[in-house]
There are 2 protein chains.
Amino acid sequence: MMTVLEDLGYRTTFPRKVIANLLEEKRDIFTIEALSEELPSVSRATVYRTVNLLLEAGAICKHAAMDGTHVYSVSRIGHHHHHHYVCVKCGAVEEFRAAAVERLIRSIAADIPGQVIDHRIELYVDCNRCSASEGA
Amino acid sequence: MMTVLEDLGYRTTFPRKVIANLLEEKRDIFTIEALSEELPSVSRATVYRTVNLLLEAGAICKHAAMDGTHVYSVSRIGHHHHHHYVCVKCGAVEEFRAAAVERLIRSIAADIPGQVIDHRIELYVDCNRCSASEGA
DNA sequence: ATACTTATGAGATAAAGTATCATCATGGAG
DNA sequence: CTCCATGATGATACTTTATCTCATAAGTAT
């Protein structure tokens, strides 16, 4: 994950390595505050700054929550167009690209006055791991 | 618009009438701050409170912006499931319901591990009015 | 008209994120 | 390898958005 920052000309500093390291393992959505608490050795300002750099670099995605805060998820797809589904119980996020979605958008666009420029789709799921543990 | 509040047992107060009145005419997205500035006779706290009541009543919809603020739009569809398209230039919002969308979600759901519980779709458009005025 | 309850306003407070700036580390030039 | 210019960090102050508090005012049922 550090490499994407290096490629953009940013320096390889100790705090950035620590943050990138922690993020490598993340499969769930996270807030910057929570991230910051896991990293007491790094100042909050730097966590905010680094997350924003990684966002710019496409290494993570940002999601606006309805309470006005933001959650983030690590991305393997980067800046390429994609969508997400999020487990409403455990917060696990997966990225997906579906040709069907893009086809649908084009077909809906025909019924909408004006040019459709962009779209945003999110699915909220009860993931297999969660429904399994509920059954117990 | 006041009637939906009355139906929920809320009182018909002067500030609420003033706010509802102003909202009747709104066809674009708006922020509570902007609304509050248009209503100097009503305290900001009351604008916030009333907008949240109207939200609960289904008379308006709330949208999370990527900068952490919220924008709202008046709704004719209320709590019934629907989506929006928003003009990225003038902010005009329209609601839409498309059976094709719901069919698509069901078909995508088949490829996703877990139960799809909810979804959210937003389209960003360049509306006819805006593209017309650009041409000039 | 009265009494009870709910709503309002003003300001305090909370929470999330950004800006400032002195100090320190990085990485390239020599 | 060392030095230096530049970029990064940390601590804290600040900004913005929104909610909370509580004394006062207004609605509504009777």
# chains A, B, ... in the order shown; residues from 1 in each chain; ligands from 1
$ residues_around --residues "DA23 of chain D" --least-positions-apart "4" --cutoff "12 Å" --atoms "only C-alpha atoms (C1' of nucleotides)" --output "list in words"
DT8, DG9 and DA10 of chain C
$ residues_around --residues "segment 112-123 of chain A" --least-positions-apart "3" --cutoff "8 Å" --atoms "only C-alpha atoms (C1' of nucleotides)" --output "number ranges by chain"
A: 83-86, 105, 108-109; B: 116-128, 131
$ closest_atom_pairs --of "chain B" --to "chain D" --cutoff "9 Å" --atoms "only C-alpha atoms (C1' of nucleotides)" --output "tab-separated table"
residue	atom	partner	partner_atom	distance
B:Arg11	CA	D:DG27	C1'	6.7
B:Thr12	CA	D:DG27	C1'	7.6
B:Thr13	CA	D:DG27	C1'	7.3
B:Ala45	CA	D:DT19	C1'	8.6
B:Tyr48	CA	D:DA18	C1'	8.2
B:Gly68	CA	D:DT17	C1'	8.7
B:Thr69	CA	D:DT17	C1'	7.2
$ closest_residue --among "B:Lys89, B:Ala64, B:Arg76, B:Glu102" --to "chain A" --atoms "only C-alpha atoms"
B:Ala64
$ atom_distance --atom1 "atom CA of Val42 of chain B" --atom2 "atom CA of Gly91 of chain B"
24.6 Å
$ residues_around --residues "Lys62 of chain A" --least-positions-apart "6" --cutoff "8 Å" --atoms "only C-alpha atoms (C1' of nucleotides)" --output "number ranges by chain"
A: 55, 70-73
$ interface_residues --of "chain C" --to "chain A" --cutoff "10 Å" --atoms "only C-alpha atoms (C1' of nucleotides)" --output "count of residues only"
7
